[in-house]
Structure formats: C-alpha cells, structure tokens
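File shown: upload-v6.csv. Contents: CSV, C-alpha atoms.
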```csv
chain,number,residue,atom,x,y,z
A,86,MET,CA,-54.3,-1.9,84.2
A,87,ARG,CA,-54.5,-2.7,80.5
A,88,ARG,CA,-52.1,0.2,79.8
A,89,ALA,CA,-49.6,-1.2,82.3
A,90,VAL,CA,-49.7,-4.6,80.7
A,91,LEU,CA,-49.2,-3.1,77.2
A,92,ILE,CA,-46.3,-1.1,78.4
A,93,ALA,CA,-44.7,-4.2,80.1
A,94,LEU,CA,-45.3,-6.1,76.9
A,95,ALA,CA,-43.6,-3.4,74.8
A,96,VAL,CA,-40.6,-3.4,77.1
A,97,VAL,CA,-40.3,-7.2,76.8
A,98,VAL,CA,-40.6,-7.0,73.0
A,99,THR,CA,-37.9,-4.3,72.9
A,100,ILE,CA,-35.5,-6.3,75.0
A,101,VAL,CA,-36.0,-9.4,72.9
A,102,ALA,CA,-35.5,-7.3,69.7
A,103,VAL,CA,-32.3,-5.8,71.1
A,104,VAL,CA,-31.0,-9.2,72.2
A,105,PHE,CA,-31.7,-10.7,68.8
A,106,THR,CA,-30.0,-7.9,67.0
A,107,PHE,CA,-26.9,-7.8,69.2
A,108,GLN,CA,-26.7,-11.4,70.4
A,109,ARG,CA,-23.3,-12.1,68.8
A,110,LYS,CA,-21.8,-9.3,70.9
A,111,LEU,CA,-22.9,-11.3,73.9
A,112,VAL,CA,-21.2,-14.5,72.6
A,113,TYR,CA,-18.0,-13.4,71.0
A,114,PHE,CA,-15.4,-11.1,72.7
A,115,PRO,CA,-12.5,-10.8,70.3
A,116,GLU,CA,-9.2,-9.2,71.4
A,117,PRO,CA,-7.6,-7.6,68.3
A,118,GLY,CA,-3.8,-7.5,69.1
A,119,PRO,CA,-1.3,-6.4,67.9
A,120,LEU,CA,0.6,-9.7,68.2
A,121,PRO,CA,4.3,-10.5,67.9
A,122,SER,CA,5.7,-12.9,65.3
A,123,ALA,CA,5.6,-16.6,66.2
A,124,ASP,CA,9.3,-16.7,66.7
A,125,GLU,CA,9.2,-13.8,69.1
A,126,ALA,CA,6.3,-15.5,70.9
A,127,MET,CA,8.3,-18.7,71.2
A,128,PRO,CA,11.6,-19.5,69.6
A,129,GLY,CA,11.3,-21.8,66.6
A,130,GLY,CA,7.7,-20.7,65.9
A,131,ARG,CA,6.6,-20.0,62.4
A,132,ASP,CA,4.0,-17.5,61.2
A,133,VAL,CA,1.3,-19.2,59.1
A,134,ARG,CA,-1.7,-18.0,57.1
A,135,LEU,CA,-5.0,-19.9,56.9
A,136,VAL,CA,-7.2,-19.5,53.9
A,137,THR,CA,-10.9,-20.1,54.5
A,138,ALA,CA,-13.5,-21.4,52.1
A,139,ASP,CA,-15.2,-18.0,52.0
A,140,GLY,CA,-11.9,-16.2,51.1
A,141,LEU,CA,-10.6,-14.9,54.4
A,142,MET,CA,-6.9,-15.0,55.4
A,143,LEU,CA,-6.3,-15.7,59.1
A,144,ASP,CA,-3.1,-15.5,61.0
A,145,GLY,CA,-1.7,-18.2,63.3
A,146,TRP,CA,1.5,-19.6,64.9
A,147,HIS,CA,2.8,-23.1,64.1
A,148,PHE,CA,5.2,-24.6,66.6
A,149,GLU,CA,6.4,-27.7,64.7
A,150,LEU,CA,8.6,-30.4,66.1
A,151,PRO,CA,10.4,-33.1,64.2
A,152,ASP,CA,9.1,-36.6,65.0
A,153,ALA,CA,6.1,-35.3,66.9
A,154,LEU,CA,3.4,-37.9,67.6
A,155,ALA,CA,0.8,-35.4,66.5
A,156,THR,CA,-0.1,-31.8,66.0
A,157,VAL,CA,-2.5,-30.3,68.5
A,158,ILE,CA,-4.9,-27.8,66.9
A,159,VAL,CA,-6.1,-25.4,69.6
A,160,PHE,CA,-9.6,-24.1,69.3
A,161,PRO,CA,-9.9,-21.1,71.6
A,162,GLY,CA,-12.8,-20.0,73.6
A,163,ASN,CA,-14.9,-16.9,72.9
A,164,ALA,CA,-12.5,-14.3,74.3
A,165,GLY,CA,-8.9,-13.1,73.9
A,166,ASN,CA,-6.5,-14.1,71.1
A,167,ARG,CA,-3.8,-16.7,70.5
A,168,SER,CA,-1.3,-15.0,72.8
A,169,GLY,CA,-3.4,-16.1,75.8
A,170,ARG,CA,-2.8,-19.8,74.7
A,171,LEU,CA,1.0,-19.5,74.6
A,172,SER,CA,1.6,-21.2,77.9
A,173,LEU,CA,-0.4,-24.2,76.6
A,174,ALA,CA,1.7,-24.4,73.5
A,175,GLN,CA,4.9,-24.2,75.7
A,176,GLY,CA,3.6,-27.1,77.9
A,177,LEU,CA,2.7,-29.3,74.9
A,178,THR,CA,5.9,-28.8,72.9
A,179,ALA,CA,7.8,-29.6,76.0
A,180,ARG,CA,6.0,-33.0,75.9
A,181,GLY,CA,6.9,-33.6,72.3
A,182,LEU,CA,3.8,-32.4,70.5
A,183,SER,CA,3.6,-29.8,67.7
A,184,VAL,CA,1.0,-27.1,68.2
A,185,LEU,CA,-1.0,-24.8,65.9
A,186,LEU,CA,-2.4,-21.7,67.6
A,187,PHE,CA,-4.6,-19.6,65.4
A,188,ASP,CA,-7.3,-16.9,65.8
A,189,TYR,CA,-10.8,-17.1,64.4
A,190,ARG,CA,-12.2,-14.4,62.1
A,191,GLY,CA,-12.4,-11.1,64.0
A,192,TYR,CA,-9.8,-12.1,66.6
A,193,GLY,CA,-6.1,-11.3,66.8
A,194,GLY,CA,-6.3,-8.7,64.1
A,195,ASN,CA,-8.0,-11.1,61.6
A,196,PRO,CA,-10.6,-9.9,59.2
A,197,GLY,CA,-14.3,-10.8,59.4
A,198,LYS,CA,-16.9,-11.2,62.1
A,199,PRO,CA,-17.4,-14.4,64.1
A,200,SER,CA,-20.4,-16.6,63.7
A,201,GLU,CA,-21.0,-20.4,63.9
A,202,GLU,CA,-20.8,-20.8,60.2
A,203,GLY,CA,-17.7,-18.6,60.0
A,204,LEU,CA,-15.8,-20.5,62.8
A,205,THR,CA,-16.6,-23.7,61.0
A,206,TYR,CA,-14.8,-22.4,57.9
A,207,ASP,CA,-11.9,-21.2,60.1
A,208,ALA,CA,-11.5,-24.6,61.8
A,209,ARG,CA,-11.4,-26.4,58.5
A,210,ALA,CA,-8.8,-24.0,57.2
A,211,ALA,CA,-6.7,-24.8,60.2
A,212,LEU,CA,-7.0,-28.5,59.6
A,213,ASP,CA,-6.0,-28.0,55.9
A,214,LEU,CA,-2.7,-26.6,57.1
A,215,ILE,CA,-1.6,-29.7,58.9
A,216,ASP,CA,-0.2,-32.9,57.5
A,217,GLY,CA,-0.2,-36.0,59.6
A,218,PRO,CA,-2.0,-37.0,62.8
A,219,VAL,CA,-3.9,-34.3,64.7
A,220,VAL,CA,-5.4,-33.9,68.1
A,221,TYR,CA,-8.2,-31.4,68.6
A,222,PHE,CA,-8.2,-29.4,71.8
A,223,GLY,CA,-11.2,-27.1,72.3
A,224,GLU,CA,-11.9,-24.8,75.3
A,225,SER,CA,-15.5,-23.8,76.0
A,226,LEU,CA,-16.8,-22.3,72.8
A,227,GLY,CA,-13.8,-23.9,71.1
A,228,ALA,CA,-15.0,-27.3,72.3
A,229,ALA,CA,-18.1,-26.7,70.2
A,230,VAL,CA,-15.9,-25.8,67.2
A,231,ALA,CA,-13.7,-28.8,67.7
A,232,ALA,CA,-16.8,-31.1,68.0
A,233,GLU,CA,-18.1,-29.9,64.7
A,234,LEU,CA,-14.8,-30.4,63.0
A,235,ALA,CA,-14.6,-34.0,64.4
A,236,THR,CA,-17.8,-34.8,62.6
A,237,TYR,CA,-16.2,-33.6,59.4
A,238,ARG,CA,-12.8,-35.3,59.9
A,239,ALA,CA,-12.1,-37.5,62.9
A,240,PRO,CA,-8.9,-36.6,64.8
A,241,LYS,CA,-6.5,-39.0,66.5
A,242,GLY,CA,-7.9,-37.7,69.8
A,243,LEU,CA,-10.3,-35.1,71.1
A,244,VAL,CA,-10.0,-33.1,74.3
A,245,LEU,CA,-12.8,-30.8,75.3
A,246,ARG,CA,-12.3,-28.4,78.2
A,247,SER,CA,-15.5,-26.9,79.9
A,248,PRO,CA,-17.8,-27.8,77.0
A,249,PHE,CA,-21.4,-26.8,77.1
A,250,ALA,CA,-24.3,-29.1,75.9
A,251,SER,CA,-25.4,-26.5,73.3
A,252,LEU,CA,-25.2,-22.7,73.1
A,253,ALA,CA,-29.0,-22.6,73.8
A,254,ALA,CA,-28.5,-24.7,77.0
A,255,VAL,CA,-25.8,-22.5,78.4
A,256,GLY,CA,-27.6,-19.3,77.3
A,257,SER,CA,-30.8,-20.4,79.0
A,258,HIS,CA,-28.8,-21.1,82.2
A,259,HIS,CA,-27.6,-17.4,82.3
A,260,TYR,CA,-30.8,-15.8,80.8
A,261,PRO,CA,-33.7,-17.9,82.1
A,262,TRP,CA,-36.2,-15.1,81.5
A,263,LEU,CA,-35.4,-14.9,77.7
A,264,PRO,CA,-36.7,-17.3,75.0
A,265,VAL,CA,-33.1,-18.2,74.2
A,266,ARG,CA,-33.7,-21.2,72.0
A,267,MET,CA,-36.0,-19.1,69.7
A,268,LEU,CA,-33.6,-16.2,69.5
A,269,LEU,CA,-30.3,-17.8,68.8
A,270,GLN,CA,-28.7,-17.6,65.4
A,271,ASP,CA,-25.7,-19.7,66.4
A,272,LYS,CA,-26.7,-23.1,67.8
A,273,TYR,CA,-23.5,-25.2,68.5
A,274,PRO,CA,-25.2,-28.5,69.3
A,275,VAL,CA,-22.3,-30.1,71.1
A,276,LEU,CA,-24.1,-33.1,72.5
A,277,GLU,CA,-25.5,-34.1,69.2
A,278,ARG,CA,-22.2,-33.8,67.5
A,279,VAL,CA,-20.0,-35.6,70.0
A,280,SER,CA,-22.5,-38.5,70.0
A,281,ALA,CA,-21.6,-39.1,66.3
A,282,VAL,CA,-17.8,-39.2,66.9
A,283,ASP,CA,-15.9,-42.3,67.9
A,284,VAL,CA,-12.3,-41.3,68.9
A,285,PRO,CA,-10.3,-41.4,72.2
A,286,ALA,CA,-11.7,-38.4,74.1
A,287,VAL,CA,-11.3,-36.6,77.3
A,288,VAL,CA,-13.5,-34.0,78.9
A,289,LEU,CA,-12.1,-31.6,81.6
A,290,LEU,CA,-14.2,-29.4,83.8
A,291,GLY,CA,-13.8,-27.2,86.9
A,292,THR,CA,-16.2,-28.0,89.6
A,293,ALA,CA,-16.6,-24.3,90.4
A,294,ASP,CA,-17.2,-23.2,86.8
A,295,SER,CA,-19.4,-20.1,86.9
A,296,VAL,CA,-19.8,-19.9,83.1
A,297,VAL,CA,-20.5,-23.4,81.9
A,298,PRO,CA,-22.4,-25.5,84.4
A,299,PRO,CA,-20.4,-28.6,85.3
A,300,ALA,CA,-23.5,-30.7,84.8
A,301,GLN,CA,-23.4,-29.8,81.1
A,302,SER,CA,-19.8,-30.8,80.7
A,303,ARG,CA,-20.6,-34.1,82.3
A,304,GLU,CA,-23.4,-34.6,79.8
A,305,VAL,CA,-20.9,-34.0,77.0
A,306,ALA,CA,-18.5,-36.5,78.5
A,307,THR,CA,-21.2,-39.2,78.6
A,308,ALA,CA,-22.3,-38.5,75.0
A,309,ALA,CA,-18.7,-38.6,73.8
A,310,ARG,CA,-17.9,-41.8,75.8
A,311,ALA,CA,-15.0,-39.7,77.1
A,312,ARG,CA,-12.8,-40.0,80.2
A,313,LEU,CA,-13.9,-37.3,82.6
A,314,ILE,CA,-11.5,-35.3,84.6
A,315,GLU,CA,-12.9,-32.9,87.3
A,316,ILE,CA,-10.6,-30.3,88.7
A,317,ASP,CA,-11.9,-29.5,92.2
A,318,GLY,CA,-12.6,-25.8,92.9
A,319,ALA,CA,-11.5,-24.6,89.5
A,320,ASP,CA,-13.5,-21.8,87.8
A,321,HIS,CA,-13.9,-21.3,84.1
A,322,ASN,CA,-10.9,-19.1,83.5
A,323,ASP,CA,-8.5,-20.4,86.1
A,324,PRO,CA,-5.0,-21.1,84.9
A,325,VAL,CA,-5.2,-24.7,85.9
A,326,LEU,CA,-7.9,-25.2,83.2
A,327,ASN,CA,-6.0,-23.2,80.6
A,328,SER,CA,-2.6,-24.9,80.7
A,329,GLY,CA,-2.4,-26.9,84.0
A,330,PRO,CA,-0.9,-30.3,84.3
A,331,GLN,CA,-4.2,-32.2,84.0
A,332,VAL,CA,-4.9,-30.4,80.7
A,333,ILE,CA,-1.4,-31.2,79.3
A,334,ASP,CA,-1.6,-34.8,80.5
A,335,ALA,CA,-5.0,-35.3,78.9
A,336,ILE,CA,-3.9,-34.0,75.5
A,337,VAL,CA,-0.7,-36.1,75.6
A,338,SER,CA,-2.7,-39.2,76.6
A,339,VAL,CA,-5.0,-39.1,73.5
A,340,SER,CA,-2.0,-38.4,71.3
A,341,GLN,CA,-0.6,-41.7,72.4
A,342,ALA,CA,-3.8,-43.7,72.1
```

Conversion result in structure tokens:
Amino acid sequence: MRRAVLIALAVVVTIVAVVFTFQRKLVYFPEPGPLPSADEAMPGGRDVRLVTADGLMLDGWHFELPDALATVIVFPGNAGNRSGRLSLAQGLTARGLSVLLFDYRGYGGNPGKPSEEGLTYDARAALDLIDGPVVYFGESLGAAVAAELATYRAPKGLVLRSPFASLAAVGSHHYPWLPVRMLLQDKYPVLERVSAVDVPAVVLLGTADSVVPPAQSREVATAARARLIEIDGADHNDPVLNSGPQVIDAIVSVSQA
C-alpha cells in the first residue's frame, strides 16, 4: 500500500515538474511564416520594424490612412501570426481607421521567445511606433497584453475580445487537477489591470467559448466598466469573433468616443 502511494506521488511530482518546465509551450503557439510584404498583403500597407527595450527587432504591417480618427493596435492571441488578422485590418480600414498589425517575439519569423515580460516589451514597442490617438484591440491572450499596456499609457479606447480573468484562472479551468497558481511563471492579471484603467471600453465574448469561459469575460467587463457584447453561439476561434461586424462596430465606437 505504502509503495503504491509513493509511486503515485512520484508520478504526480514528475507531471508537475514537466508542466513547470514546459508550461510556456502550453500557452504560446507561434506560427513562424514566411509572410508577404505589407503591400502584398493589402495594397497601401507599409512594412515596419519595432525595436523593443531589450533589443529585439520585430516585424509588422502598418496600414495608415490620412485623416484617420485613430490607429488600432491589434494585440493577437496566443496562436498564428499577423496574416490571420488581415481580414480585421481590411474591415477597420474600410471604416476609416489606421491599423498596426505586428507579431510578438517568436511569432511571424520574429526573434526571441514569448513570455509575459517579453510581450510587455513588444506591446510598448508597438505603441512607440504610432503618433496620435490609439485604440487597443486585444484578443484572448492579447486582451491581457492590451490591458497591461493600458495601465502604462491609456488609449483612446479599449476593446477586449474573449478576455480571461487571469492566466491562472483560465488555466485552473482547463487543468483543475494541477496547482496552476503555484506553477505559473506568467500571470497576466487582467481583472486587476482593467480595474485601474478609465477609458471607453467594450468586451466581446462568444457564449459558446470553449477556451475562455464566458463568465470570466463577463467579470472583466464588470471590472473595466465596459459595454458587454455577447455573440450567441460563437466559439473562441469563430470568424465572427475575429473580424465580424460586431467586432468592427465595437472598435469604431470607441474610436469615436
């Protein structure tokens, strides 16, 4: 009996050790590219290079319109690269907004490895590139990045799509048998951060989201004093949540506030 308990304990310790060591591979899923030039991706686009505080050079696409009300900085989720956000840029520029699409470190062929600290540097480098009013749009993990940046420099408006309350909260939802809060190196305390920001804000969620529980996005909306838009039946990666009309309208609305 005692031997069986020791074996079970050893298995648990091994699993915890493996999860701790490789946890960022469970959080970040970069797609490397290759990617076309900005002008090939969308006529009139311009290739840009972001320089981070820790010395990395990251690539992005800037779709700049004359007389735009604001520039929308898009903070992507944890997977893919900026090419997957092109339909969003097309929808926003059609409504008169400039757009910056960029990739975090490790994504889209960029150097470096993603982490919470690293993505904070990346977000600030993106902001440094833009003159004039800005709107932050963050999707899922990107909502956490946008929320942190908003505490550093408040935008004209903030739109968060499928935000989680914290990385620990969403991790505990998916891995209830692990001591997630003790293991996590990256925290992303979204609730705490949006509570400290006072700008026009919108939170969008899909009621069938299988990645971020809708209840957590509702908590974020309450903490941010944000208008809440629920898209009935939408799952986390459905196109309607990536660049659908409700998303475009929400971003335009805060740019006009």

Å distance separating atom CA of Ala308 of chain A from atom CA of Leu276 of chain A, one decimal place: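 Calculated distance between atom CA of Ala308 of chain A and atom CA of Leu276 of chain A is 6.2 Å.
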
Quick check, in Å to one decimal: how far apart do atom CA of Val337 of chain A and atom CA of Val220 of chain A lie?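 These atoms are spaced 9.1 Å apart.
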
At most 8 Å from (-12.1, -31.0, 65.8), file frame, only C-alpha atoms: which residues, as an mmCIF file with C-alpha atoms, keeping the file's coordinate frame?
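So point-v8.cif came out as:
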```cif
data_model
loop_
_atom_site.group_PDB
_atom_site.id
_atom_site.type_symbol
_atom_site.label_atom_id
_atom_site.label_comp_id
_atom_site.auth_asym_id
_atom_site.auth_seq_id
_atom_site.Cartn_x
_atom_site.Cartn_y
_atom_site.Cartn_z
ATOM 1 C CA ILE A 158 -4.900 -27.800 66.900
ATOM 2 C CA ALA A 208 -11.500 -24.600 61.800
ATOM 3 C CA VAL A 220 -5.400 -33.900 68.100
ATOM 4 C CA TYR A 221 -8.200 -31.400 68.600
ATOM 5 C CA PHE A 222 -8.200 -29.400 71.800
ATOM 6 C CA GLY A 223 -11.200 -27.100 72.300
ATOM 7 C CA VAL A 230 -15.900 -25.800 67.200
ATOM 8 C CA ALA A 231 -13.700 -28.800 67.700
ATOM 9 C CA ALA A 232 -16.800 -31.100 68.000
ATOM 10 C CA GLU A 233 -18.100 -29.900 64.700
ATOM 11 C CA LEU A 234 -14.800 -30.400 63.000
ATOM 12 C CA ALA A 235 -14.600 -34.000 64.400
ATOM 13 C CA THR A 236 -17.800 -34.800 62.600
ATOM 14 C CA ARG A 238 -12.800 -35.300 59.900
ATOM 15 C CA ALA A 239 -12.100 -37.500 62.900
ATOM 16 C CA PRO A 240 -8.900 -36.600 64.800
ATOM 17 C CA LEU A 243 -10.300 -35.100 71.100
#
```

note - atom CA of Ile314 of chain A and atom CA of Val255 of chain A are separated by 20.2 Å

Step by step: start from the point (1.2, -26.4, 70.6) in the file's coordinates, keep every protein, DNA or RNA residue that has an atom no farther than 10 Å from it, count all atoms listed in the file, and write the set as a PDB file with C-alpha atoms, keeping the file's coordinate frame.
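Saved the output as point.pdb:
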```pdb
ATOM      1  CA  GLY A 130       7.700 -20.700  65.900  1.00  0.00           C
ATOM      2  CA  TRP A 146       1.500 -19.600  64.900  1.00  0.00           C
ATOM      3  CA  HIS A 147       2.800 -23.100  64.100  1.00  0.00           C
ATOM      4  CA  PHE A 148       5.200 -24.600  66.600  1.00  0.00           C
ATOM      5  CA  GLU A 149       6.400 -27.700  64.700  1.00  0.00           C
ATOM      6  CA  LEU A 150       8.600 -30.400  66.100  1.00  0.00           C
ATOM      7  CA  ALA A 155       0.800 -35.400  66.500  1.00  0.00           C
ATOM      8  CA  THR A 156      -0.100 -31.800  66.000  1.00  0.00           C
ATOM      9  CA  VAL A 157      -2.500 -30.300  68.500  1.00  0.00           C
ATOM     10  CA  ILE A 158      -4.900 -27.800  66.900  1.00  0.00           C
ATOM     11  CA  VAL A 159      -6.100 -25.400  69.600  1.00  0.00           C
ATOM     12  CA  ARG A 170      -2.800 -19.800  74.700  1.00  0.00           C
ATOM     13  CA  LEU A 171       1.000 -19.500  74.600  1.00  0.00           C
ATOM     14  CA  SER A 172       1.600 -21.200  77.900  1.00  0.00           C
ATOM     15  CA  LEU A 173      -0.400 -24.200  76.600  1.00  0.00           C
ATOM     16  CA  ALA A 174       1.700 -24.400  73.500  1.00  0.00           C
ATOM     17  CA  GLN A 175       4.900 -24.200  75.700  1.00  0.00           C
ATOM     18  CA  GLY A 176       3.600 -27.100  77.900  1.00  0.00           C
ATOM     19  CA  LEU A 177       2.700 -29.300  74.900  1.00  0.00           C
ATOM     20  CA  THR A 178       5.900 -28.800  72.900  1.00  0.00           C
ATOM     21  CA  ALA A 179       7.800 -29.600  76.000  1.00  0.00           C
ATOM     22  CA  ARG A 180       6.000 -33.000  75.900  1.00  0.00           C
ATOM     23  CA  GLY A 181       6.900 -33.600  72.300  1.00  0.00           C
ATOM     24  CA  LEU A 182       3.800 -32.400  70.500  1.00  0.00           C
ATOM     25  CA  SER A 183       3.600 -29.800  67.700  1.00  0.00           C
ATOM     26  CA  VAL A 184       1.000 -27.100  68.200  1.00  0.00           C
ATOM     27  CA  LEU A 185      -1.000 -24.800  65.900  1.00  0.00           C
ATOM     28  CA  LEU A 186      -2.400 -21.700  67.600  1.00  0.00           C
ATOM     29  CA  PHE A 222      -8.200 -29.400  71.800  1.00  0.00           C
TER      30      PHE A 222
END
```

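Once Pro117 of chain A and its same-chain neighbours fewer than 5 positions away are set aside, A:Gly165, A:Asn166, A:Asp188, A:Gly191, A:Tyr192, A:Gly193, A:Gly194, A:Asn195, A:Pro196 remain within 10 Å of it when counting only C-alpha atoms.
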
Closest to Pro285 of chain A among A:Gly318, A:Gly242, A:Pro261, A:Pro298, using all atoms listed in the file? A:Gly242

Shell around Leu226 of chain A at 8 Å using all atoms listed in the file, local window under 2 positions removed, as a list in words: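 After dropping sequence-adjacent residues, the list is Pro161, Gly162, Asn163, Gly223, Glu224, Ala228, Ala229, Val230, Pro248 and Phe249 of chain A.
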